[in-house]
Every structure is written in structure tokens, then in C-alpha cells.
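Structure below is model31.tsv: TSV, C-alpha atoms.
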```
chain	number	residue	atom	x	y	z
Q	263	MET	CA	-1.29	26.85	-14.14
Q	264	GLN	CA	1.73	25.95	-11.99
Q	265	ILE	CA	1.59	22.52	-10.39
Q	266	ILE	CA	3.07	23.98	-7.21
Q	267	LEU	CA	-0.12	26.02	-6.76
Q	268	ILE	CA	-2.23	22.90	-7.17
Q	269	GLU	CA	-0.18	20.96	-4.61
Q	270	THR	CA	-0.39	23.81	-2.10
Q	271	PHE	CA	-4.16	23.97	-2.60
Q	272	LEU	CA	-4.53	20.21	-2.06
Q	273	ASP	CA	-2.40	20.26	1.08
Q	274	LEU	CA	-4.42	23.13	2.50
Q	275	MET	CA	-7.62	21.20	1.78
Q	276	GLU	CA	-6.22	18.47	4.04
Q	277	THR	CA	-4.88	20.60	6.87
Q	278	ARG	CA	-7.38	23.50	6.79
Q	279	ASN	CA	-4.55	25.46	8.38
Q	280	PHE	CA	-2.07	27.81	6.66
Q	281	ASN	CA	0.61	27.31	9.32
Q	282	ARG	CA	0.35	23.53	9.14
Q	283	THR	CA	0.56	23.51	5.34
Q	284	ALA	CA	3.61	25.78	5.51
Q	285	GLU	CA	5.29	23.32	7.89
Q	286	ARG	CA	4.44	20.30	5.75
Q	287	LEU	CA	5.69	21.93	2.55
Q	288	ASN	CA	8.70	23.50	4.29
Q	289	ILE	CA	7.81	27.01	3.17
Q	290	THR	CA	6.66	30.18	4.94
Q	291	GLN	CA	3.05	30.97	5.72
Q	292	SER	CA	3.29	34.04	3.50
Q	293	THR	CA	4.30	31.79	0.60
Q	294	VAL	CA	1.24	29.61	1.17
Q	295	THR	CA	-0.92	32.73	1.23
Q	296	HIS	CA	0.70	34.04	-1.95
Q	297	ARG	CA	0.09	30.75	-3.79
Q	298	ILE	CA	-3.55	30.53	-2.74
Q	299	ASN	CA	-4.08	34.18	-3.66
Q	300	ALA	CA	-2.60	33.45	-7.08
Q	301	LEU	CA	-5.02	30.59	-7.63
Q	302	GLU	CA	-7.95	32.67	-6.46
Q	303	ALA	CA	-6.91	35.45	-8.84
Q	304	MET	CA	-6.91	33.00	-11.75
Q	305	PHE	CA	-10.47	31.94	-11.00
Q	306	ALA	CA	-11.67	35.30	-9.72
Q	307	ARG	CA	-13.23	33.30	-6.91
Q	308	LYS	CA	-12.38	32.73	-3.26
Q	309	LEU	CA	-11.32	29.14	-2.67
Q	310	PHE	CA	-11.04	29.41	1.13
Q	311	ALA	CA	-12.83	31.41	3.78
Q	312	ARG	CA	-10.37	32.59	6.43
Q	313	ASN	CA	-11.60	33.78	9.79
Q	314	LYS	CA	-11.03	33.33	13.53
Q	315	GLY	CA	-12.77	29.97	13.41
Q	316	GLY	CA	-10.18	28.57	11.00
Q	317	THR	CA	-9.86	27.95	7.28
Q	318	GLN	CA	-12.71	26.35	5.37
Q	319	PRO	CA	-13.10	25.73	1.63
Q	320	THR	CA	-15.73	27.74	-0.17
Q	321	ALA	CA	-18.19	26.22	-2.64
Q	322	ALA	CA	-15.73	27.14	-5.41
Q	323	GLY	CA	-12.90	25.44	-3.52
Q	324	LEU	CA	-14.91	22.25	-3.08
Q	325	ARG	CA	-15.80	22.22	-6.77
Q	326	PHE	CA	-12.17	22.67	-7.73
Q	327	LEU	CA	-10.95	19.84	-5.49
Q	328	ASP	CA	-11.59	16.90	-7.84
Q	329	HIS	CA	-10.15	18.81	-10.79
Q	330	ALA	CA	-7.05	19.70	-8.77
Q	331	LYS	CA	-6.47	16.05	-7.92
Q	332	ALA	CA	-6.85	15.10	-11.58
Q	333	LEU	CA	-4.39	17.82	-12.61
Q	334	GLN	CA	-1.86	16.64	-10.03
Q	335	HIS	CA	-2.21	13.04	-11.17
Q	336	GLN	CA	-1.82	13.96	-14.83
Q	337	TRP	CA	1.21	16.10	-14.06
Q	338	HIS	CA	2.95	13.22	-12.29
Q	339	GLU	CA	2.17	10.91	-15.20
Q	340	ALA	CA	3.49	13.45	-17.70
Q	341	THR	CA	6.65	14.05	-15.67
Q	342	ARG	CA	7.45	10.35	-15.46
Q	343	ALA	CA	6.71	9.85	-19.15
Q	344	VAL	CA	9.16	12.57	-20.14
Q	345	GLU	CA	11.86	11.61	-17.62
Q	346	THR	CA	11.86	7.95	-18.63
Q	347	ALA	CA	11.58	8.51	-22.37
Q	348	GLY	CA	13.91	6.14	-24.18
Q	349	ALA	CA	13.57	2.70	-25.67
Q	350	TYR	CA	10.24	2.01	-23.98
Q	351	GLU	CA	6.86	3.28	-25.12
Q	352	ARG	CA	5.44	3.55	-21.61
Q	353	SER	CA	6.51	3.38	-17.98
Q	354	MET	CA	4.67	2.13	-14.92
Q	355	ARG	CA	5.30	2.67	-11.22
Q	356	ILE	CA	3.86	-0.22	-9.23
Q	357	GLY	CA	3.55	-0.69	-5.48
Q	358	LEU	CA	3.56	-4.14	-3.86
Q	359	GLN	CA	2.76	-5.12	-0.28
Q	360	HIS	CA	5.85	-6.16	1.69
Q	361	ASP	CA	4.68	-9.68	2.46
Q	362	LEU	CA	3.92	-10.41	-1.19
Q	363	ALA	CA	7.21	-9.20	-2.62
Q	364	ALA	CA	9.48	-12.09	-1.64
Q	365	HIS	CA	7.15	-14.79	-2.98
Q	366	TYR	CA	5.49	-13.16	-5.98
Q	367	ALA	CA	7.57	-10.27	-7.33
Q	368	GLY	CA	9.86	-12.39	-9.49
Q	369	ASP	CA	7.21	-14.46	-11.26
Q	370	TRP	CA	4.89	-11.47	-11.52
Q	371	LEU	CA	7.33	-9.05	-13.13
Q	372	ALA	CA	8.75	-11.73	-15.39
Q	373	ALA	CA	5.25	-12.40	-16.70
Q	374	VAL	CA	4.55	-8.67	-17.04
Q	375	ARG	CA	7.71	-8.24	-19.11
Q	376	ARG	CA	6.55	-11.00	-21.43
Q	377	GLU	CA	3.08	-9.49	-21.69
Q	378	LEU	CA	4.19	-5.86	-22.03
Q	379	PRO	CA	7.70	-5.81	-23.50
Q	380	ALA	CA	7.43	-2.13	-24.48
Q	381	THR	CA	6.69	-1.01	-20.91
Q	382	SER	CA	9.37	-0.22	-18.31
Q	383	ILE	CA	8.47	-1.10	-14.73
Q	384	TYR	CA	9.56	0.43	-11.43
Q	385	LEU	CA	8.54	-1.66	-8.41
Q	386	GLU	CA	8.16	-0.07	-4.96
Q	387	VAL	CA	7.75	-2.46	-2.00
Q	388	ASP	CA	5.79	-0.77	0.77
Q	389	TYR	CA	2.89	-0.92	3.22
Q	390	SER	CA	-0.76	-0.26	2.39
Q	391	GLY	CA	-1.03	3.15	4.05
Q	392	GLN	CA	1.81	4.70	2.11
Q	393	MET	CA	0.75	3.08	-1.16
Q	394	ASN	CA	-2.76	4.50	-0.79
Q	395	ARG	CA	-1.27	7.96	-0.30
Q	396	ASP	CA	1.10	7.55	-3.23
Q	397	LEU	CA	-1.73	6.43	-5.50
Q	398	GLY	CA	-3.83	9.40	-4.47
Q	399	ALA	CA	-0.95	11.78	-5.20
Q	400	GLY	CA	-0.20	10.16	-8.55
Q	401	ASP	CA	3.21	8.82	-7.48
Q	402	LEU	CA	2.09	5.25	-8.21
Q	403	ASP	CA	0.09	3.98	-11.17
Q	404	LEU	CA	-1.04	0.74	-9.54
Q	405	ALA	CA	-0.66	-1.00	-6.20
Q	406	ILE	CA	-1.24	-4.47	-4.80
Q	407	LEU	CA	-2.06	-4.14	-1.12
Q	408	PHE	CA	-3.82	-5.56	1.91
Q	409	THR	CA	-5.81	-2.59	3.21
Q	410	PRO	CA	-7.91	-0.35	0.94
Q	411	HIS	CA	-8.66	3.19	2.14
Q	412	TYR	CA	-11.50	3.70	-0.35
Q	413	LEU	CA	-10.49	7.23	-1.27
Q	414	PRO	CA	-12.76	8.98	-3.80
Q	415	ASP	CA	-10.13	8.94	-6.57
Q	416	LEU	CA	-9.09	5.32	-6.14
Q	417	HIS	CA	-10.65	2.09	-7.38
Q	418	TYR	CA	-10.14	-1.17	-5.47
Q	419	GLU	CA	-10.90	-4.76	-6.37
Q	420	ARG	CA	-10.23	-7.95	-4.50
Q	421	ILE	CA	-8.01	-10.22	-6.59
Q	422	GLY	CA	-7.23	-13.09	-4.23
Q	423	GLU	CA	-5.86	-13.95	-0.82
Q	424	VAL	CA	-2.80	-15.30	0.94
Q	425	HIS	CA	-2.81	-17.59	3.95
Q	426	TYR	CA	-0.85	-17.45	7.17
Q	427	GLU	CA	-0.16	-20.46	9.36
Q	428	MET	CA	0.95	-20.62	12.97
Q	429	VAL	CA	4.30	-22.33	13.39
Q	430	SER	CA	6.58	-22.73	16.38
Q	431	ASN	CA	10.06	-23.82	17.33
Q	432	LYS	CA	8.96	-24.37	20.94
Q	433	VAL	CA	5.57	-26.11	21.04
Q	434	SER	CA	3.36	-28.20	18.76
Q	435	ARG	CA	-0.18	-27.56	20.12
Q	436	ILE	CA	-2.20	-24.37	20.40
Q	437	GLU	CA	-2.94	-25.19	24.05
Q	438	ASP	CA	0.77	-24.90	24.83
Q	439	VAL	CA	1.33	-21.51	23.17
Q	440	LYS	CA	1.91	-18.85	25.81
Q	441	ALA	CA	1.57	-15.10	25.32
Q	442	GLU	CA	5.06	-14.46	26.70
Q	443	ASP	CA	6.58	-16.72	24.00
Q	444	TYR	CA	4.30	-15.52	21.22
Q	445	ILE	CA	5.18	-13.03	18.46
Q	446	GLN	CA	1.99	-11.36	17.37
Q	447	ALA	CA	1.53	-10.69	13.66
Q	448	VAL	CA	-0.33	-7.51	12.71
Q	449	TYR	CA	-0.24	-7.69	8.93
Q	450	SER	CA	-3.33	-5.54	8.45
Q	451	PRO	CA	-6.37	-4.29	10.41
Q	452	ALA	CA	-8.45	-7.11	8.90
Q	453	PHE	CA	-5.87	-9.73	9.86
Q	454	ASP	CA	-5.64	-8.29	13.36
Q	455	ARG	CA	-9.42	-8.53	13.83
Q	456	LEU	CA	-9.50	-12.17	12.73
Q	457	HIS	CA	-6.53	-12.96	14.93
Q	458	ARG	CA	-8.10	-11.35	18.00
Q	459	GLN	CA	-11.33	-13.26	17.41
Q	460	ALA	CA	-9.52	-16.59	17.07
Q	461	HIS	CA	-6.83	-16.06	19.74
Q	462	PRO	CA	-7.85	-13.33	22.19
Q	463	GLU	CA	-5.54	-14.79	24.82
Q	464	LEU	CA	-2.53	-14.14	22.55
Q	465	SER	CA	-3.39	-10.54	21.73
Q	466	THR	CA	-1.37	-9.29	24.69
Q	467	ALA	CA	1.93	-10.67	23.42
Q	468	PRO	CA	4.92	-8.48	24.39
Q	469	ILE	CA	6.28	-8.36	20.82
Q	470	ALA	CA	4.42	-7.67	17.58
Q	471	SER	CA	5.32	-6.92	13.97
Q	472	GLY	CA	3.57	-6.30	10.67
Q	473	GLU	CA	6.11	-7.97	8.40
Q	474	THR	CA	6.98	-11.64	8.03
Q	475	THR	CA	10.73	-11.14	7.63
Q	476	ALA	CA	10.90	-9.40	11.01
Q	477	ILE	CA	8.81	-12.12	12.64
Q	478	LEU	CA	11.08	-14.85	11.25
Q	479	ALA	CA	14.13	-13.03	12.59
Q	480	LEU	CA	12.51	-12.66	16.01
Q	481	MET	CA	11.63	-16.35	16.09
Q	482	GLN	CA	15.24	-17.18	15.28
Q	483	LYS	CA	16.65	-14.98	18.04
Q	484	LEU	CA	14.02	-15.42	20.72
Q	485	GLY	CA	12.21	-18.63	19.86
Q	486	GLY	CA	8.47	-18.94	20.05
Q	487	SER	CA	5.34	-19.14	17.92
Q	488	ALA	CA	3.88	-16.90	15.24
Q	489	PHE	CA	1.76	-16.70	12.11
Q	490	VAL	CA	3.87	-16.64	8.93
Q	491	THR	CA	2.99	-16.92	5.26
Q	492	GLU	CA	1.98	-20.33	4.04
Q	493	ALA	CA	4.98	-20.34	1.72
Q	494	ASP	CA	7.39	-19.64	4.59
Q	495	SER	CA	5.64	-22.22	6.72
Q	496	LYS	CA	6.09	-24.95	4.09
Q	497	ARG	CA	9.73	-24.01	3.54
Q	498	LEU	CA	10.56	-24.12	7.24
Q	499	LEU	CA	8.62	-27.33	7.81
Q	500	ARG	CA	10.70	-29.02	5.12
Q	501	THR	CA	13.88	-28.10	6.97
Q	502	GLY	CA	12.53	-29.24	10.33
Q	503	ALA	CA	13.18	-25.79	11.79
Q	504	VAL	CA	9.61	-25.45	13.02
Q	505	SER	CA	6.44	-27.47	13.48
Q	506	ARG	CA	2.92	-26.47	12.56
Q	507	VAL	CA	0.88	-25.64	15.66
Q	508	ALA	CA	-1.96	-28.13	15.85
Q	509	GLY	CA	-5.36	-26.58	16.55
Q	510	ALA	CA	-4.51	-23.18	15.08
Q	511	GLU	CA	-6.51	-22.59	11.92
Q	512	PRO	CA	-4.87	-20.65	9.07
Q	513	ILE	CA	-5.87	-17.00	8.68
Q	514	ALA	CA	-6.68	-15.71	5.20
Q	515	GLN	CA	-5.59	-12.21	4.19
Q	516	ALA	CA	-7.41	-10.60	1.27
Q	517	VAL	CA	-5.30	-9.02	-1.49
Q	518	TYR	CA	-6.53	-5.97	-3.41
Q	519	ALA	CA	-5.49	-4.19	-6.58
Q	520	ALA	CA	-5.76	-0.40	-6.45
Q	521	VAL	CA	-5.62	2.10	-9.30
Q	522	ASN	CA	-6.79	5.60	-10.01
Q	523	VAL	CA	-10.45	5.62	-11.08
Q	524	ARG	CA	-9.45	7.17	-14.39
Q	525	THR	CA	-7.27	4.19	-15.32
Q	526	ARG	CA	-9.31	1.30	-13.88
Q	527	HIS	CA	-10.24	0.06	-17.36
Q	528	ALA	CA	-6.88	0.74	-19.00
Q	529	HIS	CA	-5.66	-2.29	-20.96
Q	530	GLN	CA	-2.14	-2.17	-19.53
Q	531	HIS	CA	-3.39	-1.99	-15.93
Q	532	ARG	CA	-5.84	-4.85	-16.48
Q	533	ARG	CA	-3.13	-7.14	-17.84
Q	534	ILE	CA	-0.77	-6.41	-14.95
Q	535	ILE	CA	-3.49	-7.08	-12.37
Q	536	ALA	CA	-4.67	-10.25	-14.13
Q	537	THR	CA	-1.12	-11.60	-14.12
Q	538	LEU	CA	-0.79	-11.41	-10.34
Q	539	GLN	CA	-4.35	-12.63	-9.86
Q	540	ALA	CA	-3.45	-15.79	-11.77
Q	541	LEU	CA	-0.38	-16.31	-9.59
Q	542	LEU	CA	-2.44	-15.94	-6.42
Q	543	GLU	CA	-5.00	-18.43	-7.72
Q	544	THR	CA	-2.46	-21.08	-8.64
Q	545	GLY	CA	-0.35	-20.56	-5.53
Q	546	ARG	CA	2.85	-20.05	-7.50
Q	547	SER	CA	4.92	-18.66	-4.65
Q	548	HIS	CA	8.30	-20.11	-5.60
Q	549	ALA	CA	9.59	-16.95	-7.26
Q	550	TYR	CA	12.24	-16.27	-4.64
Q	551	GLU	CA	13.32	-18.71	-1.98
Q	552	ARG	CA	14.76	-16.91	1.00
Q	553	PRO	CA	17.54	-18.66	2.92
Q	554	ASP	CA	16.44	-20.46	6.06
Q	555	ARG	CA	16.57	-18.16	9.05
Q	556	ILE	CA	15.40	-20.36	11.90
```

For the structure just supplied, provide its representation as C-alpha cells.
Amino acid sequence: MQIILIETFLDLMETRNFNRTAERLNITQSTVTHRINALEAMFARKLFARNKGGTQPTAAGLRFLDHAKALQHQWHEATRAVETAGAYERSMRIGLQHDLAAHYAGDWLAAVRRELPATSIYLEVDYSGQMNRDLGAGDLDLAILFTPHYLPDLHYERIGEVHYEMVSNKVSRIEDVKAEDYIQAVYSPAFDRLHRQAHPELSTAPIASGETTAILALMQKLGGSAFVTEADSKRLLRTGAVSRVAGAEPIAQAVYAAVNVRTRHAHQHRRIIATLQALLETGRSHAYERPDRI
């Protein structure tokens, strides 16, 4: 069975529209139709019911869905295994949340190399939404992220948390922080909810970002107050570039490990996750010291 037929089927299950799937895959509608017809011929069953009301999966199509996802995932794994064949026995593609990369990637991957010397690692730094999609498609083997999407094929577990502190290069008390001089951090939906509960008056700030590096750059150029990682806060406090805002409690952001359900008990995956979990627990965030920006 050609993987291209599987991927067309899965896309059509998402869009429920032949034209939309054709646009997303950059092919013609007739090509989509031909591929679905080919799949249906293999099974001698209709996978979609097409009528004026739209396109809906049949009972056979719904039954095939989980198997199609598994086939796609296995194909991606097989492709990577063959392409990266060389001195290493296995390869892993790992995703890591942007705000964790600067402070944990170095120590984490160094420990993983010691633990799994026969495994080659490719690290992709990204945001939760894209990593969830990549895991579902089989483009990542494992991801460390802030926001689970709880997709049927993915397994999530909370492995720790990171803390954010409000700092400022303008004021020293929460009472003096003004919305017009505030840079709102939106690191995740959960963080945003906690922030709005704690500081509703600052949720109308004119500038917002979901990544600490951008917030630090904005503070340098514009001045003001913002929540940054605890590691960045300590580093900047040592230089005297900022002060901690009194009265603003730290906000904790949960960290999750995500894998495909079929590999959640795999020995290699468990060791990689446990390594970062230990780093989060001990607070070893000195892996990479960024130059002072403020």
C-alpha cells in the first residue's frame, strides 16, 4: 500500500472536503479522488460517502482511521531509520519547547549521549501546537512541551515545571506596574489563565509575546516589566539590569513529555524523559548562559 494514499486519506478525514485536501496537498481534486478510489478498491469498501451535504467517512473509513495513523507513523520511523543508517544503531527526533531550549538543551542532550551512546539525536526547538501535530504525523518521536492536545494517538505525562518571575527595569513594586509599560507573556494557555487571574489589570498590555527571548529584547528596547524564566531573572538580577517586582508571585508552568502511545513504554524513550525530569527537579538550568541583553 502506498504511503501517499494513506496520507491523502488522513488529510481528507481532517478536512472532509476534497477541494480543501487538494489545496493542502498541492494536487488536483481529481488526484485526490483517484487516490481515495484506489484505497477503496483495495478494501472493496467505501471509505467516504460523498453527496450534496459534504463528505463523511463511512463505518469502514472510521475503522481504518487508527490503522492508517499507525501505518503513517511506522512509515516515518522506517524512513528515518534507513536514511540515517550509519554508525548509530538508532535515531531519535526530539522536539523541545522554545523556552526550555536555552537553559536545558545542553545538559539534557549531553546526558542523553552518555546514556544512549548508540543513538543519534536530532533536536527540533518549537512551540507546543506544532510539536503535537508533528508527533501525530510521526515526524517526531518524543516532545517536551507546555500544552498537551490529548490526541488519541499521543500519550502525555507531567514531568515537572518551570517558574517565571516578574522583573522590571522601570519599577520595583507591583502597584507601580502600568499596562502601557508592561510586556505581557503568553507562554501557554495555562500560563495565560493564571496570569489573567493574578493580574487582570495587566491583561490589556499593548505588547505581548509567547517567547522569553523576544520579551527580553522588548524590555531592552522599550523598557518595562514582564514575566521571564526564573533562570533569566536570576541572571539579570546579578548584573543589576533589572529588579524583581515586589508583590508579584511567581507563576509555575507545567512541563509535559509527549510520545506516541505505541512507544510510551519504550526503554529509550523512558530514559530520555527521565533525564530531563531529573534536570527539572534539581533546577540545573546553567546549560547555556545567554549574554546579557538588558

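Checking Q:Pro379, Q:Gly398, Q:Gly391, Q:Gly502 one by one against Val521 of chain Q, counting all atoms listed in the file, you find the shortest gap at Q:Gly398.
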
Which polymer residues have any atom within 12 Å of an atom of Met275 of chain Q, counting all atoms listed in the file, with same-chain residues fewer than 5 positions away left out, as a list in words?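 That gives Ile268, Glu269, Thr270, Phe280, Arg282, Thr283, Ile298, Leu309, Phe310, Ala311, Thr317, Gln318, Pro319, Thr320, Gly323, Leu324, Arg325, Phe326, Leu327, Asp328, Ala330 and Lys331 of chain Q.
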
Between atom CA of Ala519 of chain Q and atom CA of Leu272 of chain Q, what distance in Å does the model show, to one decimal?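 According to the coordinates, atom CA of Ala519 of chain Q and atom CA of Leu272 of chain Q are separated by 24.8 Å.
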
Contacts between segment 442-462 of chain Q and segment 327-395 of chain Q, please, where a residue of segment 327-395 of chain Q counts if it comes within 12 Å (with only C-alpha atoms); show its shortest atom pair and distance in Å to one decimal, rows by chain and ascending number, as JSON lines.
```
{"residue": "Q:Gln359", "atom": "CA", "partner": "Q:Tyr449", "partner_atom": "CA", "distance": 10.0}
{"residue": "Q:His360", "atom": "CA", "partner": "Q:Tyr449", "partner_atom": "CA", "distance": 9.6}
{"residue": "Q:Asp361", "atom": "CA", "partner": "Q:Tyr449", "partner_atom": "CA", "distance": 8.4}
{"residue": "Q:Leu362", "atom": "CA", "partner": "Q:Tyr449", "partner_atom": "CA", "distance": 11.3}
{"residue": "Q:Tyr389", "atom": "CA", "partner": "Q:Ser450", "partner_atom": "CA", "distance": 9.3}
{"residue": "Q:Ser390", "atom": "CA", "partner": "Q:Ser450", "partner_atom": "CA", "distance": 8.4}
{"residue": "Q:Gly391", "atom": "CA", "partner": "Q:Ser450", "partner_atom": "CA", "distance": 10.0}
```

When distances are computed from all atoms listed in the file, which of Q:Asp273, Q:Leu542, Q:Ser353, Q:Ser471 shows the smallest separation from Glu285 of chain Q?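 Of the candidates, the smallest distance to Glu285 of chain Q is held by Q:Asp273.
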
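The spacing separating atom CA of Lys440 of chain Q from atom CA of Phe408 of chain Q amounts to 27.9 Å.
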
Pick from Q:Leu267, Q:Ala364, Q:Ala520, Q:Trp337 nearest to Met304 of chain Q, counting all atoms listed in the file: Q:Leu267

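When atom CA of Tyr426 of chain Q is paired with atom CA of Ile513 of chain Q, their separation reads 5.3 Å.
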
Around (2.5, -16.0, -5.8) in the file's frame, which residues reach within 10 Å when counting only C-alpha atoms? Return as a list in words?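 Residues close enough to count: Leu362, Ala363, Ala364, His365, Tyr366, Ala367, Gly368, Asp369, Trp370, Glu423, Val424, Ala493, Leu538, Gln539, Ala540, Leu541, Leu542, Glu543, Thr544, Gly545, Arg546, Ser547, His548, Ala549 and Tyr550 of chain Q.
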
Please supply segment 327-344 of chain Q, rebuilt with N, CA and C atoms, as an mmCIF file, in the frame of the given file.
```cif
data_model
loop_
_atom_site.group_PDB
_atom_site.id
_atom_site.type_symbol
_atom_site.label_atom_id
_atom_site.label_comp_id
_atom_site.auth_asym_id
_atom_site.auth_seq_id
_atom_site.Cartn_x
_atom_site.Cartn_y
_atom_site.Cartn_z
ATOM 1 N N LEU Q 327 -11.742 20.896 -6.117
ATOM 2 C CA LEU Q 327 -10.950 19.840 -5.490
ATOM 3 C C LEU Q 327 -10.715 18.657 -6.419
ATOM 4 N N ASP Q 328 -11.757 18.064 -6.988
ATOM 5 C CA ASP Q 328 -11.590 16.900 -7.840
ATOM 6 C C ASP Q 328 -10.741 17.216 -9.072
ATOM 7 N N HIS Q 329 -10.932 18.414 -9.621
ATOM 8 C CA HIS Q 329 -10.150 18.810 -10.790
ATOM 9 C C HIS Q 329 -8.674 18.989 -10.416
ATOM 10 N N ALA Q 330 -8.428 19.516 -9.223
ATOM 11 C CA ALA Q 330 -7.050 19.700 -8.770
ATOM 12 C C ALA Q 330 -6.352 18.354 -8.610
ATOM 13 N N LYS Q 331 -7.056 17.377 -8.066
ATOM 14 C CA LYS Q 331 -6.470 16.050 -7.920
ATOM 15 C C LYS Q 331 -6.156 15.436 -9.283
ATOM 16 N N ALA Q 332 -7.075 15.630 -10.234
ATOM 17 C CA ALA Q 332 -6.850 15.100 -11.580
ATOM 18 C C ALA Q 332 -5.639 15.773 -12.235
ATOM 19 N N LEU Q 333 -5.525 17.092 -12.046
ATOM 20 C CA LEU Q 333 -4.390 17.820 -12.610
ATOM 21 C C LEU Q 333 -3.071 17.332 -12.007
ATOM 22 N N GLN Q 334 -3.068 17.126 -10.695
ATOM 23 C CA GLN Q 334 -1.860 16.640 -10.030
ATOM 24 C C GLN Q 334 -1.473 15.259 -10.555
ATOM 25 N N HIS Q 335 -2.469 14.391 -10.678
ATOM 26 C CA HIS Q 335 -2.210 13.040 -11.170
ATOM 27 C C HIS Q 335 -1.659 13.073 -12.586
ATOM 28 N N GLN Q 336 -2.262 13.873 -13.449
ATOM 29 C CA GLN Q 336 -1.820 13.960 -14.830
ATOM 30 C C GLN Q 336 -0.415 14.555 -14.932
ATOM 31 N N TRP Q 337 -0.129 15.509 -14.050
ATOM 32 C CA TRP Q 337 1.210 16.100 -14.060
ATOM 33 C C TRP Q 337 2.267 15.064 -13.706
ATOM 34 N N HIS Q 338 1.999 14.265 -12.672
ATOM 35 C CA HIS Q 338 2.950 13.220 -12.290
ATOM 36 C C HIS Q 338 3.147 12.221 -13.419
ATOM 37 N N GLU Q 339 2.057 11.843 -14.077
ATOM 38 C CA GLU Q 339 2.170 10.910 -15.200
ATOM 39 C C GLU Q 339 3.005 11.516 -16.320
ATOM 40 N N ALA Q 340 2.745 12.780 -16.624
ATOM 41 C CA ALA Q 340 3.490 13.450 -17.700
ATOM 42 C C ALA Q 340 4.968 13.568 -17.351
ATOM 43 N N THR Q 341 5.255 13.911 -16.103
ATOM 44 C CA THR Q 341 6.650 14.050 -15.670
ATOM 45 C C THR Q 341 7.406 12.739 -15.817
ATOM 46 N N ARG Q 342 6.793 11.650 -15.356
ATOM 47 C CA ARG Q 342 7.450 10.350 -15.460
ATOM 48 C C ARG Q 342 7.631 9.937 -16.912
ATOM 49 N N ALA Q 343 6.629 10.224 -17.738
ATOM 50 C CA ALA Q 343 6.710 9.850 -19.150
ATOM 51 C C ALA Q 343 7.884 10.538 -19.830
ATOM 52 N N VAL Q 344 8.073 11.817 -19.527
ATOM 53 C CA VAL Q 344 9.160 12.570 -20.140
ATOM 54 C C VAL Q 344 10.510 12.136 -19.586
#
```
